file data_6.cif (mmCIF, C-alpha atoms and all ligand atoms; chains and numbers go by the auth columns)
data_data
#
loop_
_atom_site.group_PDB
_atom_site.id
_atom_site.type_symbol
_atom_site.label_atom_id
_atom_site.label_comp_id
_atom_site.label_asym_id
_atom_site.label_seq_id
_atom_site.Cartn_x
_atom_site.Cartn_y
_atom_site.Cartn_z
_atom_site.B_iso_or_equiv
_atom_site.auth_seq_id
_atom_site.auth_asym_id
ATOM 1 C CA MET A 1 36.103 -14.835 -2.431 0.00 2 Y
ATOM 2 C CA GLN A 2 33.254 -15.374 -4.899 0.00 3 Y
ATOM 3 C CA GLN A 3 30.659 -18.055 -4.013 0.00 4 Y
ATOM 4 C CA LYS A 4 30.421 -21.023 -6.330 0.00 5 Y
ATOM 5 C CA PRO A 5 26.885 -21.185 -7.816 0.00 6 Y
ATOM 6 C CA THR A 6 26.296 -24.681 -6.420 0.00 7 Y
ATOM 7 C CA GLU A 7 27.048 -23.530 -2.881 0.00 8 Y
ATOM 8 C CA LEU A 8 24.610 -20.631 -3.222 0.00 9 Y
ATOM 9 C CA LYS A 9 21.961 -22.885 -4.712 0.00 10 Y
ATOM 10 C CA ASP A 10 22.198 -25.245 -1.746 0.00 11 Y
ATOM 11 C CA ARG A 11 21.663 -22.387 0.690 0.00 12 Y
ATOM 12 C CA ARG A 12 18.932 -20.634 -1.293 0.00 13 Y
ATOM 13 C CA ILE A 13 15.391 -20.152 0.022 0.00 14 Y
ATOM 14 C CA ARG A 14 12.019 -19.730 -1.679 0.00 15 Y
ATOM 15 C CA SER A 15 10.808 -16.268 -0.733 0.00 16 Y
ATOM 16 C CA PHE A 16 7.406 -16.324 -2.422 0.00 17 Y
ATOM 17 C CA VAL A 17 4.235 -18.312 -2.972 0.00 18 Y
ATOM 18 C CA ARG A 18 2.751 -18.072 -6.438 0.00 19 Y
ATOM 19 C CA ARG A 19 -0.478 -16.150 -5.876 0.00 20 Y
ATOM 20 C CA GLN A 20 -3.293 -17.130 -8.178 0.00 21 Y
ATOM 21 C CA GLY A 21 -4.343 -13.517 -8.885 0.00 22 Y
ATOM 22 C CA ARG A 22 -6.300 -13.385 -12.136 0.00 23 Y
ATOM 23 C CA LEU A 23 -4.869 -11.536 -15.084 0.00 24 Y
ATOM 24 C CA THR A 24 -7.077 -8.732 -16.339 0.00 25 Y
ATOM 25 C CA ALA A 25 -7.626 -8.586 -20.080 0.00 26 Y
ATOM 26 C CA ALA A 26 -5.349 -5.513 -20.238 0.00 27 Y
ATOM 27 C CA GLN A 27 -2.557 -7.255 -18.298 0.00 28 Y
ATOM 28 C CA ASN A 28 -2.851 -10.316 -20.515 0.00 29 Y
ATOM 29 C CA PHE A 29 -2.689 -8.140 -23.614 0.00 30 Y
ATOM 30 C CA ALA A 30 0.356 -6.303 -22.227 0.00 31 Y
ATOM 31 C CA LEU A 31 2.137 -9.585 -21.486 0.00 32 Y
ATOM 32 C CA GLU A 32 1.508 -10.863 -24.999 0.00 33 Y
ATOM 33 C CA LYS A 33 2.204 -7.633 -26.823 0.00 34 Y
ATOM 34 C CA HIS A 34 4.951 -5.949 -24.793 0.00 35 Y
ATOM 35 C CA LEU A 35 6.865 -8.724 -23.012 0.00 36 Y
ATOM 36 C CA PRO A 36 8.658 -9.704 -26.246 0.00 37 Y
ATOM 37 C CA LYS A 37 9.878 -6.097 -26.539 0.00 38 Y
ATOM 38 C CA PHE A 38 10.668 -5.197 -22.917 0.00 39 Y
ATOM 39 C CA GLY A 39 11.262 -8.643 -21.389 0.00 40 Y
ATOM 40 C CA LEU A 40 14.734 -10.074 -20.837 0.00 41 Y
ATOM 41 C CA GLN A 41 15.200 -13.806 -21.318 0.00 42 Y
ATOM 42 C CA ALA A 42 16.473 -15.836 -18.366 0.00 43 Y
ATOM 43 C CA SER A 43 17.892 -18.340 -20.875 0.00 44 Y
ATOM 44 C CA ASP A 44 20.229 -15.700 -22.369 0.00 45 Y
ATOM 45 C CA GLY A 45 22.987 -16.160 -19.775 0.00 46 Y
ATOM 46 C CA ILE A 46 24.881 -13.171 -18.385 0.00 47 Y
ATOM 47 C CA PHE A 47 23.337 -9.979 -19.783 0.00 48 Y
ATOM 48 C CA ASP A 48 25.288 -7.321 -21.590 0.00 49 Y
ATOM 49 C CA PHE A 49 23.276 -4.322 -20.361 0.00 50 Y
ATOM 50 C CA ALA A 50 24.733 -2.050 -23.067 0.00 51 Y
ATOM 51 C CA LYS A 51 23.166 -4.376 -25.627 0.00 52 Y
ATOM 52 C CA GLU A 52 19.879 -4.914 -23.772 0.00 53 Y
ATOM 53 C CA TYR A 53 19.252 -1.170 -23.307 0.00 54 Y
ATOM 54 C CA ASN A 54 21.041 -0.038 -26.477 0.00 55 Y
ATOM 55 C CA ARG A 55 23.279 2.304 -24.491 0.00 56 Y
ATOM 56 C CA GLU A 56 25.770 2.598 -21.634 0.00 57 Y
ATOM 57 C CA ALA A 57 24.007 3.799 -18.456 0.00 58 Y
ATOM 58 C CA PRO A 58 23.858 2.876 -14.754 0.00 59 Y
ATOM 59 C CA THR A 59 21.476 -0.047 -14.209 0.00 60 Y
ATOM 60 C CA HIS A 60 19.093 -0.105 -11.230 0.00 61 Y
ATOM 61 C CA LEU A 61 17.234 -3.253 -10.127 0.00 62 Y
ATOM 62 C CA GLU A 62 13.873 -3.358 -8.325 0.00 63 Y
ATOM 63 C CA ILE A 63 13.133 -6.731 -6.747 0.00 64 Y
ATOM 64 C CA GLY A 64 9.511 -7.813 -6.188 0.00 65 Y
ATOM 65 C CA PHE A 65 8.027 -4.682 -7.789 0.00 66 Y
ATOM 66 C CA GLY A 66 4.379 -5.708 -7.182 0.00 67 Y
ATOM 67 C CA ASN A 67 2.261 -3.677 -9.615 0.00 68 Y
ATOM 68 C CA GLY A 68 5.336 -1.828 -10.927 0.00 69 Y
ATOM 69 C CA GLN A 69 4.310 1.705 -10.008 0.00 70 Y
ATOM 70 C CA SER A 70 7.565 2.436 -8.190 0.00 71 Y
ATOM 71 C CA VAL A 71 9.960 1.240 -10.884 0.00 72 Y
ATOM 72 C CA ALA A 72 7.881 2.992 -13.563 0.00 73 Y
ATOM 73 C CA ASN A 73 8.000 6.272 -11.622 0.00 74 Y
ATOM 74 C CA MET A 74 11.750 6.030 -11.017 0.00 75 Y
ATOM 75 C CA ALA A 75 12.335 5.289 -14.701 0.00 76 Y
ATOM 76 C CA ALA A 76 10.192 8.259 -15.759 0.00 77 Y
ATOM 77 C CA SER A 77 11.993 10.606 -13.331 0.00 78 Y
ATOM 78 C CA HIS A 78 15.459 9.339 -14.289 0.00 79 Y
ATOM 79 C CA PRO A 79 15.673 8.749 -18.020 0.00 80 Y
ATOM 80 C CA GLU A 80 19.479 8.767 -17.613 0.00 81 Y
ATOM 81 C CA ASN A 81 19.337 5.391 -15.777 0.00 82 Y
ATOM 82 C CA ASN A 82 18.395 1.892 -16.908 0.00 83 Y
ATOM 83 C CA TYR A 83 15.838 0.024 -14.764 0.00 84 Y
ATOM 84 C CA LEU A 84 15.320 -3.720 -14.480 0.00 85 Y
ATOM 85 C CA GLY A 85 12.232 -4.986 -12.642 0.00 86 Y
ATOM 86 C CA VAL A 86 12.033 -8.610 -11.495 0.00 87 Y
ATOM 87 C CA GLU A 87 8.744 -10.012 -10.166 0.00 88 Y
ATOM 88 C CA VAL A 88 7.258 -13.521 -10.101 0.00 89 Y
ATOM 89 C CA HIS A 89 3.608 -12.377 -9.900 0.00 90 Y
ATOM 90 C CA ARG A 90 2.341 -12.379 -13.520 0.00 91 Y
ATOM 91 C CA PRO A 91 -0.492 -9.830 -13.085 0.00 92 Y
ATOM 92 C CA GLY A 92 2.090 -7.397 -11.641 0.00 93 Y
ATOM 93 C CA VAL A 93 4.387 -7.996 -14.597 0.00 94 Y
ATOM 94 C CA GLY A 94 1.463 -7.315 -16.949 0.00 95 Y
ATOM 95 C CA ASN A 95 0.691 -4.135 -15.034 0.00 96 Y
ATOM 96 C CA LEU A 96 4.272 -2.841 -15.284 0.00 97 Y
ATOM 97 C CA LEU A 97 4.303 -3.588 -19.022 0.00 98 Y
ATOM 98 C CA GLN A 98 1.134 -1.510 -19.423 0.00 99 Y
ATOM 99 C CA LEU A 99 2.825 1.371 -17.582 0.00 100 Y
ATOM 100 C CA VAL A 100 6.021 1.053 -19.630 0.00 101 Y
ATOM 101 C CA HIS A 101 3.984 1.202 -22.821 0.00 102 Y
ATOM 102 C CA SER A 102 1.643 4.028 -21.786 0.00 103 Y
ATOM 103 C CA LYS A 103 4.463 6.194 -20.346 0.00 104 Y
ATOM 104 C CA GLU A 104 6.718 5.357 -23.314 0.00 105 Y
ATOM 105 C CA LEU A 105 9.570 4.283 -21.048 0.00 106 Y
ATOM 106 C CA SER A 106 12.450 3.069 -23.174 0.00 107 Y
ATOM 107 C CA ASN A 107 14.741 2.578 -20.156 0.00 108 Y
ATOM 108 C CA VAL A 108 12.841 -0.296 -18.456 0.00 109 Y
ATOM 109 C CA ARG A 109 13.324 -4.036 -18.897 0.00 110 Y
ATOM 110 C CA VAL A 110 11.181 -6.630 -17.141 0.00 111 Y
ATOM 111 C CA MET A 111 11.606 -10.214 -15.994 0.00 112 Y
ATOM 112 C CA SER A 112 8.934 -12.556 -14.704 0.00 113 Y
ATOM 113 C CA ASP A 113 11.335 -14.803 -12.777 0.00 114 Y
ATOM 114 C CA ASP A 114 12.679 -15.673 -9.342 0.00 115 Y
ATOM 115 C CA VAL A 115 15.317 -13.043 -8.594 0.00 116 Y
ATOM 116 C CA PHE A 116 17.601 -15.649 -7.009 0.00 117 Y
ATOM 117 C CA GLU A 117 17.872 -17.354 -10.404 0.00 118 Y
ATOM 118 C CA VAL A 118 18.256 -14.030 -12.180 0.00 119 Y
ATOM 119 C CA LEU A 119 21.115 -12.887 -9.948 0.00 120 Y
ATOM 120 C CA GLN A 120 22.835 -16.207 -10.203 0.00 121 Y
ATOM 121 C CA ASN A 121 22.474 -16.740 -13.965 0.00 122 Y
ATOM 122 C CA ASN A 122 21.987 -13.367 -15.637 0.00 123 Y
ATOM 123 C CA ILE A 123 23.648 -10.526 -13.760 0.00 124 Y
ATOM 124 C CA ALA A 124 27.365 -9.827 -14.103 0.00 125 Y
ATOM 125 C CA ASP A 125 29.416 -9.089 -10.995 0.00 126 Y
ATOM 126 C CA ASN A 126 29.838 -5.369 -10.121 0.00 127 Y
ATOM 127 C CA SER A 127 27.164 -4.326 -12.644 0.00 128 Y
ATOM 128 C CA LEU A 128 24.260 -2.851 -10.602 0.00 129 Y
ATOM 129 C CA ALA A 129 24.296 0.797 -9.555 0.00 130 Y
ATOM 130 C CA ALA A 130 21.319 0.422 -7.187 0.00 131 Y
ATOM 131 C CA VAL A 131 18.976 -2.243 -5.813 0.00 132 Y
ATOM 132 C CA TYR A 132 15.517 -1.549 -4.349 0.00 133 Y
ATOM 133 C CA ILE A 133 13.489 -3.984 -2.229 0.00 134 Y
ATOM 134 C CA TYR A 134 10.243 -2.353 -1.109 0.00 135 Y
ATOM 135 C CA PHE A 135 7.867 -4.072 1.291 0.00 136 Y
ATOM 136 C CA PRO A 136 9.096 -7.627 0.745 0.00 137 Y
ATOM 137 C CA ASP A 137 6.820 -10.417 1.972 0.00 138 Y
ATOM 138 C CA PRO A 138 7.240 -10.195 5.759 0.00 139 Y
ATOM 139 C CA TRP A 139 6.966 -13.918 6.573 0.00 140 Y
ATOM 140 C CA HIS A 140 6.149 -12.837 10.107 0.00 141 Y
ATOM 141 C CA LYS A 141 5.266 -16.245 11.579 0.00 142 Y
ATOM 142 C CA ARG A 142 8.224 -17.641 13.466 0.00 143 Y
ATOM 143 C CA CYS A 143 8.264 -20.853 11.395 0.00 144 Y
ATOM 144 C CA HIS A 144 8.428 -18.797 8.159 0.00 145 Y
ATOM 145 C CA VAL A 145 11.174 -16.349 9.077 0.00 146 Y
ATOM 146 C CA LYS A 146 13.700 -18.391 7.099 0.00 147 Y
ATOM 147 C CA ARG A 147 11.790 -17.513 3.901 0.00 148 Y
ATOM 148 C CA ARG A 148 12.563 -13.800 4.159 0.00 149 Y
ATOM 149 C CA ILE A 149 14.302 -12.576 1.025 0.00 150 Y
ATOM 150 C CA VAL A 150 16.606 -10.333 3.050 0.00 151 Y
ATOM 151 C CA ASN A 151 18.958 -12.873 4.562 0.00 152 Y
ATOM 152 C CA PRO A 152 22.751 -13.247 4.729 0.00 153 Y
ATOM 153 C CA VAL A 153 23.069 -15.459 1.633 0.00 154 Y
ATOM 154 C CA PHE A 154 20.943 -13.135 -0.490 0.00 155 Y
ATOM 155 C CA VAL A 155 22.772 -10.022 0.689 0.00 156 Y
ATOM 156 C CA GLU A 156 26.068 -11.703 -0.184 0.00 157 Y
ATOM 157 C CA MET A 157 24.731 -12.357 -3.704 0.00 158 Y
ATOM 158 C CA LEU A 158 23.633 -8.738 -4.027 0.00 159 Y
ATOM 159 C CA ALA A 159 27.007 -7.474 -2.824 0.00 160 Y
ATOM 160 C CA ALA A 160 28.763 -9.430 -5.565 0.00 161 Y
ATOM 161 C CA LYS A 161 26.472 -7.997 -8.251 0.00 162 Y
ATOM 162 C CA MET A 162 26.607 -4.351 -7.120 0.00 163 Y
ATOM 163 C CA GLU A 163 29.126 -1.697 -8.105 0.00 164 Y
ATOM 164 C CA VAL A 164 31.265 -0.057 -5.445 0.00 165 Y
ATOM 165 C CA GLY A 165 29.325 2.991 -4.226 0.00 166 Y
ATOM 166 C CA GLY A 166 26.000 1.415 -5.251 0.00 167 Y
ATOM 167 C CA LEU A 167 22.856 1.966 -3.156 0.00 168 Y
ATOM 168 C CA LEU A 168 20.828 -0.822 -1.535 0.00 169 Y
ATOM 169 C CA HIS A 169 17.484 0.649 -0.428 0.00 170 Y
ATOM 170 C CA MET A 170 14.910 -1.408 1.466 0.00 171 Y
ATOM 171 C CA ALA A 171 11.666 -0.497 3.189 0.00 172 Y
ATOM 172 C CA THR A 172 9.241 -2.465 5.329 0.00 173 Y
ATOM 173 C CA ASP A 173 6.197 -1.826 7.502 0.00 174 Y
ATOM 174 C CA TRP A 174 6.955 -4.797 9.787 0.00 175 Y
ATOM 175 C CA LYS A 175 8.979 -3.774 12.840 0.00 176 Y
ATOM 176 C CA ASP A 176 10.415 -7.229 13.367 0.00 177 Y
ATOM 177 C CA TYR A 177 11.500 -7.433 9.703 0.00 178 Y
ATOM 178 C CA ALA A 178 13.086 -3.965 9.936 0.00 179 Y
ATOM 179 C CA LYS A 179 15.155 -5.141 12.902 0.00 180 Y
ATOM 180 C CA HIS A 180 16.017 -8.349 11.053 0.00 181 Y
ATOM 181 C CA MET A 181 17.128 -6.328 7.979 0.00 182 Y
ATOM 182 C CA MET A 182 19.286 -4.127 10.205 0.00 183 Y
ATOM 183 C CA ARG A 183 20.935 -7.159 11.839 0.00 184 Y
ATOM 184 C CA VAL A 184 21.621 -8.828 8.478 0.00 185 Y
ATOM 185 C CA MET A 185 23.046 -5.602 7.027 0.00 186 Y
ATOM 186 C CA ASN A 186 25.142 -4.830 10.099 0.00 187 Y
ATOM 187 C CA ASP A 187 26.781 -8.233 9.649 0.00 188 Y
ATOM 188 C CA ALA A 188 27.397 -7.663 5.920 0.00 189 Y
ATOM 189 C CA SER A 189 30.922 -6.260 5.782 0.00 190 Y
ATOM 190 C CA GLN A 190 30.491 -5.273 2.088 0.00 191 Y
ATOM 191 C CA PHE A 191 28.002 -2.516 3.028 0.00 192 Y
ATOM 192 C CA LYS A 192 27.987 0.682 5.063 0.00 193 Y
ATOM 193 C CA ASN A 193 24.848 2.225 6.569 0.00 194 Y
ATOM 194 C CA SER A 194 24.286 5.587 4.829 0.00 195 Y
ATOM 195 C CA ALA A 195 22.454 6.913 7.910 0.00 196 Y
ATOM 196 C CA GLY A 196 25.188 5.905 10.379 0.00 197 Y
ATOM 197 C CA ALA A 197 25.537 2.697 12.337 0.00 198 Y
ATOM 198 C CA ASN A 198 22.215 1.160 13.384 0.00 199 Y
ATOM 199 C CA ASN A 199 20.149 4.097 12.119 0.00 200 Y
ATOM 200 C CA TYR A 200 17.137 3.893 9.855 0.00 201 Y
ATOM 201 C CA SER A 201 17.024 6.413 6.989 0.00 202 Y
ATOM 202 C CA GLU A 202 14.463 9.153 6.448 0.00 203 Y
ATOM 203 C CA ARG A 203 11.803 8.130 3.957 0.00 204 Y
ATOM 204 C CA PRO A 204 12.997 9.837 0.749 0.00 205 Y
ATOM 205 C CA GLU A 205 10.160 11.896 -0.767 0.00 206 Y
ATOM 206 C CA TRP A 206 10.906 10.372 -4.182 0.00 207 Y
ATOM 207 C CA ARG A 207 10.024 6.853 -3.011 0.00 208 Y
ATOM 208 C CA THR A 208 6.636 5.940 -4.504 0.00 209 Y
ATOM 209 C CA LEU A 209 3.846 5.126 -2.067 0.00 210 Y
ATOM 210 C CA THR A 210 3.245 1.515 -3.110 0.00 211 Y
ATOM 211 C CA LYS A 211 0.199 -0.675 -2.693 0.00 212 Y
ATOM 212 C CA PHE A 212 1.825 -2.571 0.160 0.00 213 Y
ATOM 213 C CA GLU A 213 2.971 0.578 1.934 0.00 214 Y
ATOM 214 C CA GLN A 214 -0.625 1.839 1.753 0.00 215 Y
ATOM 215 C CA ARG A 215 -1.788 -1.465 3.198 0.00 216 Y
ATOM 216 C CA GLY A 216 0.700 -1.009 6.036 0.00 217 Y
ATOM 217 C CA HIS A 217 -0.710 2.456 6.739 0.00 218 Y
ATOM 218 C CA ARG A 218 -4.248 1.045 6.842 0.00 219 Y
ATOM 219 C CA LEU A 219 -3.071 -1.506 9.412 0.00 220 Y
ATOM 220 C CA GLY A 220 -1.585 1.334 11.506 0.00 221 Y
ATOM 221 C CA HIS A 221 2.006 0.204 10.867 0.00 222 Y
ATOM 222 C CA ASP A 222 5.026 2.488 10.886 0.00 223 Y
ATOM 223 C CA VAL A 223 7.487 2.267 8.007 0.00 224 Y
ATOM 224 C CA TRP A 224 11.261 1.799 8.169 0.00 225 Y
ATOM 225 C CA ASP A 225 13.705 2.676 5.357 0.00 226 Y
ATOM 226 C CA LEU A 226 17.214 1.249 5.264 0.00 227 Y
ATOM 227 C CA MET A 227 19.862 2.643 2.903 0.00 228 Y
ATOM 228 C CA PHE A 228 23.258 1.054 2.580 0.00 229 Y
ATOM 229 C CA THR A 229 26.239 1.787 0.314 0.00 230 Y
ATOM 230 C CA LYS A 230 28.276 -0.988 -1.254 0.00 231 Y
ATOM 231 C CA LEU A 231 31.916 -0.627 -0.157 0.00 232 Y
HETATM 232 C C1 LIG B . 4.550 -7.810 -0.422 0.00 1 K
HETATM 233 S S1 LIG B . 4.810 -7.676 -2.119 0.00 1 K
HETATM 234 C C2 LIG B . 5.388 -5.974 -2.312 0.00 1 K
HETATM 235 C C3 LIG B . 5.200 -5.474 -3.715 0.00 1 K
HETATM 236 C C4 LIG B . 5.660 -4.027 -3.964 0.00 1 K
HETATM 237 N N1 LIG B . 7.086 -3.886 -3.783 0.00 1 K
HETATM 238 C C5 LIG B . 4.916 -3.045 -3.095 0.00 1 K
HETATM 239 O O1 LIG B . 5.561 -2.399 -2.237 0.00 1 K
HETATM 240 O O2 LIG B . 3.695 -2.902 -3.286 0.00 1 K
HETATM 241 C C6 LIG B . 6.328 -8.579 -2.363 0.00 1 K
HETATM 242 C C7 LIG B . 6.524 -8.989 -3.817 0.00 1 K
HETATM 243 O O3 LIG B . 7.786 -9.655 -3.959 0.00 1 K
HETATM 244 C C8 LIG B . 7.631 -10.668 -4.945 0.00 1 K
HETATM 245 N N2 LIG B . 8.707 -11.645 -4.729 0.00 1 K
HETATM 246 C C9 LIG B . 8.941 -12.360 -3.610 0.00 1 K
HETATM 247 N N3 LIG B . 10.004 -13.160 -3.753 0.00 1 K
HETATM 248 C C10 LIG B . 10.468 -12.947 -5.039 0.00 1 K
HETATM 249 C C11 LIG B . 11.526 -13.502 -5.801 0.00 1 K
HETATM 250 N N4 LIG B . 12.334 -14.434 -5.278 0.00 1 K
HETATM 251 N N5 LIG B . 11.710 -13.069 -7.059 0.00 1 K
HETATM 252 C C12 LIG B . 10.880 -12.122 -7.591 0.00 1 K
HETATM 253 N N6 LIG B . 9.850 -11.559 -6.918 0.00 1 K
HETATM 254 C C13 LIG B . 9.641 -11.972 -5.658 0.00 1 K
HETATM 255 C C14 LIG B . 6.239 -11.220 -4.672 0.00 1 K
HETATM 256 O O4 LIG B . 5.687 -11.858 -5.809 0.00 1 K
HETATM 257 C C15 LIG B . 5.460 -9.960 -4.296 0.00 1 K
HETATM 258 O O5 LIG B . 4.799 -9.386 -5.399 0.00 1 K
#
call {"tool": "encode", "arguments": {"input": "data_6.cif", "output": "structure tokens"}}
result
Amino acid sequence: MQQKPTELKDRRIRSFVRRQGRLTAAQNFALEKHLPKFGLQASDGIFDFAKEYNREAPTHLEIGFGNGQSVANMAASHPENNYLGVEVHRPGVGNLLQLVHSKELSNVRVMSDDVFEVLQNNIADNSLAAVYIYFPDPWHKRCHVKRRIVNPVFVEMLAAKMEVGGLLHMATDWKDYAKHMMRVMNDASQFKNSAGANNYSERPEWRTLTKFEQRGHRLGHDVWDLMFTKL
């Protein structure tokens, strides 16, 4: 049964703190010049992707894309897909817009919003072919664990928005978060582990080495990939 928006809103968490990172002049320029072209408006209600991308194609969502390198690379490698990047950190949004412009990517759209709001207000049910969540904020202190974006309510929202057969791909360099993700996903009856029950997936060579994965390596962390299929 589909959740009523009010029920989801009551159970929603805030998974980010707005970092004060300064916008570079180039990011600021990109936000002003390219956001009107590549940005989607949260106030537009449920999106018609065929209209937003001017074509019918599978739509992939990257959540919390950081500086946007990963979504830009995926979009460049797969011109046959549409990509939507959602990130609250404005300098990162500016950075992705620069990449979209310089790589002439016509298949990327960008939102500078909280993905909880976006899923609830803008994304139609059964409309996403893939969702990527790479190196989400770990919230590793015990008192902050409830702020982790990967949690049962969020996964239920994602399940409603994803097509049958769609891929949910997550990666983290925090062992405790990897275990937490596995527990949450094992309990989510709408998904099946692509690597077999309780197994982590091999790191696919196509996954971009992001800034936060590099940070994890510097800290001596291992990395865990989880890939699940929407049933
Ligand atoms: C640790 S960073 C990882 C960035 C990037 N994926 C990487 O691997 O370098 C997590 C990102 O998720 C974003 N984020 C967290 N909660 C979010 C939300 N509810 N909606 C949109 N972005 C969010 C944060 O702003 C942050 O940039």
call {"tool": "axis_aligned_box", "arguments": {"input": "data_6.cif", "around": "ligand LIG 1 (chain K)", "padding_each_side": "3 Å", "output": "lines of an AutoDock Vina configuration file"}}
result
center_x = 8.0
center_y = -8.4
center_z = -4.0
size_x = 14.6
size_y = 18.0
size_z = 13.2
call {"tool": "resolve_selection", "arguments": {"input": "data_6.cif", "expression": "the PyMOL selection byres (((chain Y and resi 40) around 6) and not hetatm)", "output": "NGL selection string"}}
result
:Y and (36-39 or 41 or 110-112)
call {"tool": "closest_residue", "arguments": {"input": "data_6.cif", "among": "Y:Gln99, Y:Ser71, Y:Thr209, Y:Asn55", "to": "Y:Ala26", "atoms": "all atoms listed in the file"}}
result
Y:Gln99
call {"tool": "closest_residue", "arguments": {"input": "data_6.cif", "among": "Y:Lys52, Y:Arg216, Y:Lys104, Y:His145", "to": "ligand LIG 1 (chain K)", "atoms": "only C-alpha atoms and all ligand atoms"}}
result
Y:Arg216
call {"tool": "residues_near_ligand", "arguments": {"input": "data_6.cif", "ligand": "ligand LIG 1 (chain K)", "cutoff": "8 Å", "atoms": "only C-alpha atoms and all ligand atoms", "output": "NGL selection string"}}
result
:Y and (15-20 or 64-69 or 71 or 87-90 or 93 or 113-117 or 134-139 or 150 or 210-214)
call {"tool": "resolve_selection", "arguments": {"input": "data_6.cif", "expression": "the PyMOL selection byres (((chain Y and resi 155) around 12) and not hetatm)", "output": "PyMOL selection string"}}
result
chain Y and resi 4+9-10+12-16+64+116-118+120-121+134+147-154+156-162+182+185-186+189
call {"tool": "atom_distance", "arguments": {"input": "data_6.cif", "atom1": "atom CA of Y:Asp49", "atom2": "atom CA of Y:Ala172"}}
result
29.1 Å
call {"tool": "closest_residue", "arguments": {"input": "data_6.cif", "among": "Y:Ser44, Y:Asn187, Y:Asn74, Y:Asn199", "to": "Y:Leu100", "atoms": "only C-alpha atoms"}}
result
Y:Asn74
call {"tool": "closest_residue", "arguments": {"input": "data_6.cif", "among": "Y:Ala73, Y:Leu169, Y:Leu220, Y:Ala179", "to": "Y:Ser195", "atoms": "all atoms listed in the file"}}
result
Y:Leu169
call {"tool": "closest_residue", "arguments": {"input": "data_6.cif", "among": "Y:Gly46, Y:Arg143, Y:Ser107, Y:Asn194", "to": "Y:Asn122", "atoms": "only C-alpha atoms"}}
result
Y:Gly46
call {"tool": "closest_residue", "arguments": {"input": "data_6.cif", "among": "Y:Glu105, Y:Lys176, Y:Ala27, Y:Ser202", "to": "Y:Asp223", "atoms": "all atoms listed in the file"}}
result
Y:Lys176
call {"tool": "atom_distance", "arguments": {"input": "data_6.cif", "atom1": "atom CA of Y:Gly217", "atom2": "atom CA of Y:Asp174"}}
result
5.7 Å
call {"tool": "residues_near_point", "arguments": {"input": "data_6.cif", "point": "(-0.3, -8.7, -17.2)", "cutoff": "6 Å", "atoms": "all atoms listed in the file", "output": "VMD selection string"}}
result
chain Y and resid 24 28 to 29 31 to 32 91 to 92 94 to 96
call {"tool": "atom_distance", "arguments": {"input": "data_6.cif", "atom1": "atom CA of Y:His222", "atom2": "atom CA of Y:Gln70"}}
result
21.1 Å
call {"tool": "residues_near_point", "arguments": {"input": "data_6.cif", "point": "(18.1, 0.9, -19.8)", "cutoff": "7 Å", "atoms": "all atoms listed in the file", "output": "list in words"}}
result
Tyr54, Ala58, Thr60, Asn82, Asn83, Tyr84, Ser107, Asn108, Val109 and Arg110 of chain Y
call {"tool": "build_atoms", "arguments": {"input": "data_6.cif", "residues": "stretch 122-130 of chain Y", "atoms": "N, CA, C and O atoms", "output": "PDB file, keeping the file's coordinate frame"}}
result
ATOM      1  N   ASN Y 122      22.230 -16.334 -12.570  1.00  0.00           N
ATOM      2  CA  ASN Y 122      22.474 -16.740 -13.965  1.00  0.00           C
ATOM      3  C   ASN Y 122      22.622 -15.598 -14.957  1.00  0.00           C
ATOM      4  O   ASN Y 122      23.150 -15.806 -16.052  1.00  0.00           O
ATOM      5  N   ASN Y 123      22.086 -14.411 -14.608  1.00  0.00           N
ATOM      6  CA  ASN Y 123      21.987 -13.367 -15.637  1.00  0.00           C
ATOM      7  C   ASN Y 123      22.710 -12.062 -15.342  1.00  0.00           C
ATOM      8  O   ASN Y 123      22.827 -11.224 -16.236  1.00  0.00           O
ATOM      9  N   ILE Y 124      23.094 -11.846 -14.099  1.00  0.00           N
ATOM     10  CA  ILE Y 124      23.648 -10.526 -13.760  1.00  0.00           C
ATOM     11  C   ILE Y 124      25.153 -10.642 -13.532  1.00  0.00           C
ATOM     12  O   ILE Y 124      25.605 -11.444 -12.706  1.00  0.00           O
ATOM     13  N   ALA Y 125      25.900  -9.812 -14.246  1.00  0.00           N
ATOM     14  CA  ALA Y 125      27.365  -9.827 -14.103  1.00  0.00           C
ATOM     15  C   ALA Y 125      27.767  -9.238 -12.750  1.00  0.00           C
ATOM     16  O   ALA Y 125      27.056  -8.389 -12.197  1.00  0.00           O
ATOM     17  N   ASP Y 126      28.895  -9.674 -12.239  1.00  0.00           N
ATOM     18  CA  ASP Y 126      29.416  -9.089 -10.995  1.00  0.00           C
ATOM     19  C   ASP Y 126      29.671  -7.591 -11.204  1.00  0.00           C
ATOM     20  O   ASP Y 126      29.986  -7.145 -12.315  1.00  0.00           O
ATOM     21  N   ASN Y 127      29.537  -6.819 -10.140  1.00  0.00           N
ATOM     22  CA  ASN Y 127      29.838  -5.369 -10.121  1.00  0.00           C
ATOM     23  C   ASN Y 127      29.077  -4.586 -11.195  1.00  0.00           C
ATOM     24  O   ASN Y 127      29.617  -3.629 -11.761  1.00  0.00           O
ATOM     25  N   SER Y 128      27.841  -4.972 -11.511  1.00  0.00           N
ATOM     26  CA  SER Y 128      27.164  -4.326 -12.644  1.00  0.00           C
ATOM     27  C   SER Y 128      25.920  -3.520 -12.253  1.00  0.00           C
ATOM     28  O   SER Y 128      25.344  -2.864 -13.112  1.00  0.00           O
ATOM     29  N   LEU Y 129      25.486  -3.569 -10.986  1.00  0.00           N
ATOM     30  CA  LEU Y 129      24.260  -2.851 -10.602  1.00  0.00           C
ATOM     31  C   LEU Y 129      24.596  -1.600  -9.803  1.00  0.00           C
ATOM     32  O   LEU Y 129      25.322  -1.665  -8.805  1.00  0.00           O
ATOM     33  N   ALA Y 130      24.030  -0.477 -10.237  1.00  0.00           N
ATOM     34  CA  ALA Y 130      24.296   0.797  -9.555  1.00  0.00           C
ATOM     35  C   ALA Y 130      23.375   0.989  -8.352  1.00  0.00           C
ATOM     36  O   ALA Y 130      23.686   1.765  -7.450  1.00  0.00           O
TER      37      ALA Y 130
END
